[in-house]
Amino acid sequence: MTVVPRLALLAALLSSSVFAAQIGTIPPAQALTAERVAALPAAERAAWADYLARSDAQRAADRAALAAERKGLATWPAAPAGGNGAATMPLDKPADWYASDAALLVARNIVSYQTPAGGWGKNQPRNVAPRAPGQSFVADNSPAGASDAPWNFVGTIDNDATITEIRFLARVAAAHPGAPGEAWRQAAQRGVAWLLAAQYPRGGWPQVWPLQGGYHDAITLNDNALVAVAELMGAVARGEAGLDVLPAAQRAQAAAAEARAVQLLLDTQVRVNGKLTLWAQQYDPLTQAPSSARNYEPSALSSGESTKVLALLMSLPEPSPAVIEAVRAGVAMLKQLAVHDRAWVMVDAVQGKRLVEQPGAGPLWSRYYDPVTLKPVFGDRDRSLHDDVHGVSAERRRGYAWWGNWSLKTLAAYDAWAAKWVRP
């Protein structure tokens with residue numbers, strides 16, 4: 001733990017806390033509903049109405065499948081355990097490891113928890129017992145007081161869920177050519193089909209599909225969800241990392257899905273006074289305006305998520321002029337917003353973290369910036385919006401990354417990329 005000198009802490013208190021102000025309230029995100037779709041222009045209505053109908057039908061089918069399993073059971077199995085799922089589905093092992101008994105145990109567990117729709121829940125270890133008949137498909141990720149606790153995140157891209165399962169199964173299938181790998185190929189294929197079905201008409205993805213409502217319906221860049229799906233679509237299209245086991249027709253669909261996602265990112269890069277800047281962490285699926293998420297996550301530009309978008313765009317093998325301009329502008333904005341000689345440190349358990357003066361420290365970026373003024377903004381659990389991080393409750397300052405150096409790696413890679421693609 002970093003110990004903050006008393007004088008530095010006093011300076012931070014005097015220079016920021018005293019003058020911190022609540023500047024607004026964070027409105028809740030709007031769900032994608034039939035009423036909203038009906039209000040769209042006639043030319044756009046059919047695609048969204050079809051999407052919503054497919055989501056509703058799939059949700060009903062998923063619930064019916066679980067209800068059928070539970071029919072006649074005296075007691076239902078307990079919900080599966082939660083935990084660090086990614087750690088149990090390693091993607092960096094030698095190719096021959098995926099033919100091992102240890103990998104097969106994980107693959108069987110993954111397949112047993114695949115939802116009828118084809119996706120997976122999040123935060124579940126995959127090296128334990130497989131799902132029992134009648135058991136929930138997902139761990140209980142519900143917030144306290146949720147009205148639908150047994151049915152939450154049933155099929156999601158949050159925390160790399162579904163994406164990691166597909167990548168792992170593809171590696172196991174590649175290690176078992178022919179009939180021995182058929183079960184793993186089919187499960188991976190169903191997972192990719194789930195992602196293709198979940199993609200919005202304009203190219204983004206919701207956090208949960210079938211749709212769950214609330215902020216989960218927003219186009220989700222938060223925690224790099226959309227970027228991770230777009231990267232997977234590109235890998236499927238090119239047959240990378242064992243994904244060449246998937247059918248050629250599905251790989252072509254994945255290429256089209258990746259192209260739609262890239263176009264969506266170009267369309268949603270926020271302009272301020274006509275100038276391209278960064279991306280928000282969520283967008284309303286119909287208006288494509290920046291949207292809020294959890295109570296303390298405002299509809300603001302997000303430096304961390306923007307960094308990952310820029311990395312994705314720079315990874316494209318043949319970037320278009322529009323992609324090149326988007327990257328150039330995004331990097332320029334990150335450089336403009338960088339803060340130097342400040343450190344984001346833990347003071348103590350009571351006061352939480354504070355932004356303090358520290359010569360030579362940085363650069364740092366605020367997680368959020370107002371999409372009009374480009375000034376840092378900070379939210380709290382009561383939906384209050386603040387112009388200074390020290391106006392946020394100590395609990396949220398302890399438990400959220402309000403400042404960070406997440407843009408450094410992408411900025412470091414930019415010069416070599418720009419030398420190839422950006423004209424002087």
# chains A, B, ... in the order shown; residues from 1 in each chain; ligands from 1

call {"tool": "select_by_dssp", "arguments": {"residues": "range 205-338 of chain A", "states": "alpha helix (DSSP H)", "output": "ChimeraX atom specification"}}
result
/A:225-238,248-268,303-315,321-337

call {"tool": "atom_distance", "arguments": {"atom1": "CA of Gln199 in chain A", "atom2": "CA of Phe168 in chain A"}}
result
21.5 Å

call {"tool": "select_by_dssp", "arguments": {"residues": "range 92-323 of chain A", "states": "strand (DSSP E)", "output": "PDB file with C-alpha atoms, in the first residue's frame"}}
result
ATOM      1  CA  ILE A 219     -24.519  -1.482 -26.711  1.00  0.00           C
ATOM      2  CA  THR A 220     -21.796  -2.506 -24.284  1.00  0.00           C
ATOM      3  CA  ARG A 271     -17.643  14.524 -31.742  1.00  0.00           C
ATOM      4  CA  VAL A 272     -17.193  17.613 -29.590  1.00  0.00           C
ATOM      5  CA  LYS A 275     -13.988  17.164 -33.579  1.00  0.00           C
ATOM      6  CA  LEU A 276     -13.656  13.397 -33.170  1.00  0.00           C
ATOM      7  CA  GLN A 282     -22.296   2.196 -23.352  1.00  0.00           C
ATOM      8  CA  TYR A 283     -24.681   3.460 -26.022  1.00  0.00           C
ATOM      9  CA  LEU A 301     -16.652   9.246 -22.589  1.00  0.00           C
ATOM     10  CA  SER A 302     -14.466   6.466 -21.204  1.00  0.00           C
TER      11      SER A 302
END

call {"tool": "closest_residue", "arguments": {"among": "A:Thr410, A:Gln263, A:Asn224, A:Ser393", "to": "Ala322 in chain A", "atoms": "only C-alpha atoms"}}
result
A:Gln263

call {"tool": "closest_residue", "arguments": {"among": "A:Tyr296, A:Ala175, A:Leu211, A:Asp160", "to": "Pro94 in chain A", "atoms": "only C-alpha atoms"}}
result
A:Ala175

call {"tool": "residues_around", "arguments": {"residues": "Leu364 in chain A", "least_positions_apart": "5", "cutoff": "8 Å", "atoms": "only C-alpha atoms", "output": "VMD selection string"}}
result
chain A and resid 338 to 340 342 to 343 403 to 405

call {"tool": "closest_residue", "arguments": {"among": "A:Val331, A:Pro210, A:Ala198, A:Glu44", "to": "Ala60 in chain A", "atoms": "only C-alpha atoms"}}
result
A:Pro210

call {"tool": "closest_residue", "arguments": {"among": "A:Pro319, A:Gly119, A:Gly274, A:Pro133", "to": "Ala418 in chain A", "atoms": "only C-alpha atoms"}}
result
A:Pro319

call {"tool": "residues_around", "arguments": {"residues": "Ala261 in chain A", "least_positions_apart": "3", "cutoff": "6 Å", "atoms": "only C-alpha atoms", "output": "PyMOL selection string"}}
result
chain A and resi 203-204+258+264

call {"tool": "residues_around", "arguments": {"residues": "range 76-86 of chain A", "least_positions_apart": "5", "cutoff": "9 Å", "atoms": "only C-alpha atoms", "output": "PyMOL selection string"}}
result
chain A and resi 70+91+122-127+131-141+150+159-161+164-165

call {"tool": "write_last_selection", "arguments": {"atoms": "C-alpha atoms", "output": "PDB file, in the first residue's frame"}}
result
ATOM      1  CA  ARG A  70     -37.218 -29.443 -13.147  1.00  0.00           C
ATOM      2  CA  LEU A  91      -6.035 -20.046 -23.557  1.00  0.00           C
ATOM      3  CA  LYS A 122     -20.216 -15.375 -16.223  1.00  0.00           C
ATOM      4  CA  ASN A 123     -17.888 -15.820 -13.254  1.00  0.00           C
ATOM      5  CA  GLN A 124     -18.153 -19.605 -13.051  1.00  0.00           C
ATOM      6  CA  PRO A 125     -15.242 -22.022 -12.589  1.00  0.00           C
ATOM      7  CA  ARG A 126     -15.245 -24.630 -15.336  1.00  0.00           C
ATOM      8  CA  ASN A 127     -12.999 -27.239 -13.708  1.00  0.00           C
ATOM      9  CA  ARG A 131     -24.253 -29.110 -14.550  1.00  0.00           C
ATOM     10  CA  ALA A 132     -26.910 -31.385 -13.068  1.00  0.00           C
ATOM     11  CA  PRO A 133     -30.408 -31.700 -14.598  1.00  0.00           C
ATOM     12  CA  GLY A 134     -32.576 -28.899 -13.268  1.00  0.00           C
ATOM     13  CA  GLN A 135     -29.633 -26.813 -12.084  1.00  0.00           C
ATOM     14  CA  SER A 136     -29.478 -23.137 -13.021  1.00  0.00           C
ATOM     15  CA  PHE A 137     -27.320 -22.364 -16.030  1.00  0.00           C
ATOM     16  CA  VAL A 138     -25.523 -19.549 -14.205  1.00  0.00           C
ATOM     17  CA  ALA A 139     -24.146 -18.677 -10.812  1.00  0.00           C
ATOM     18  CA  ASP A 140     -26.222 -16.205  -8.812  1.00  0.00           C
ATOM     19  CA  ASN A 141     -24.845 -12.867 -10.021  1.00  0.00           C
ATOM     20  CA  PRO A 150     -32.542 -17.124 -10.484  1.00  0.00           C
ATOM     21  CA  ASN A 159     -16.305 -10.429 -18.095  1.00  0.00           C
ATOM     22  CA  ASP A 160     -15.380 -12.295 -21.314  1.00  0.00           C
ATOM     23  CA  ALA A 161     -18.112 -14.888 -20.743  1.00  0.00           C
ATOM     24  CA  THR A 164     -13.658 -17.474 -23.466  1.00  0.00           C
ATOM     25  CA  GLU A 165     -15.771 -20.642 -23.635  1.00  0.00           C
TER      26      GLU A 165
END

call {"tool": "residues_around", "arguments": {"residues": "Gly24 in chain A", "least_positions_apart": "6", "cutoff": "10 Å", "atoms": "only C-alpha atoms", "output": "PyMOL selection string"}}
result
chain A and resi 379+383-387

call {"tool": "write_last_selection", "arguments": {"atoms": "C-alpha atoms", "output": "compact mmCIF listing (two decimals), in the first residue's frame"}}
result
# COMPACT_ATOMS: atom_id res chain seq x y z
CA GLY A 379 -20.55 9.00 -10.09
CA ARG A 383 -26.70 8.34 -8.94
CA SER A 384 -25.13 11.66 -7.97
CA LEU A 385 -22.63 13.05 -10.49
CA HIS A 386 -19.57 14.97 -9.29
CA ASP A 387 -16.88 17.16 -10.83

call {"tool": "closest_residue", "arguments": {"among": "A:Asp370, A:Glu318, A:Glu297, A:Glu357", "to": "Val345 in chain A", "atoms": "only C-alpha atoms"}}
result
A:Glu357

call {"tool": "residues_around", "arguments": {"residues": "Gly155 in chain A", "least_positions_apart": "5", "cutoff": "7 Å", "atoms": "only C-alpha atoms", "output": "JSON, numbers by chain"}}
result
{"A": [115, 119, 120, 121, 208, 209]}

call {"tool": "closest_residue", "arguments": {"among": "A:Tyr98, A:Trp194, A:Trp184, A:Trp402", "to": "Arg54 in chain A", "atoms": "only C-alpha atoms"}}
result
A:Trp194

call {"tool": "atom_distance", "arguments": {"atom1": "CA of Ile166 in chain A", "atom2": "CA of Gln189 in chain A"}}
result
8.0 Å
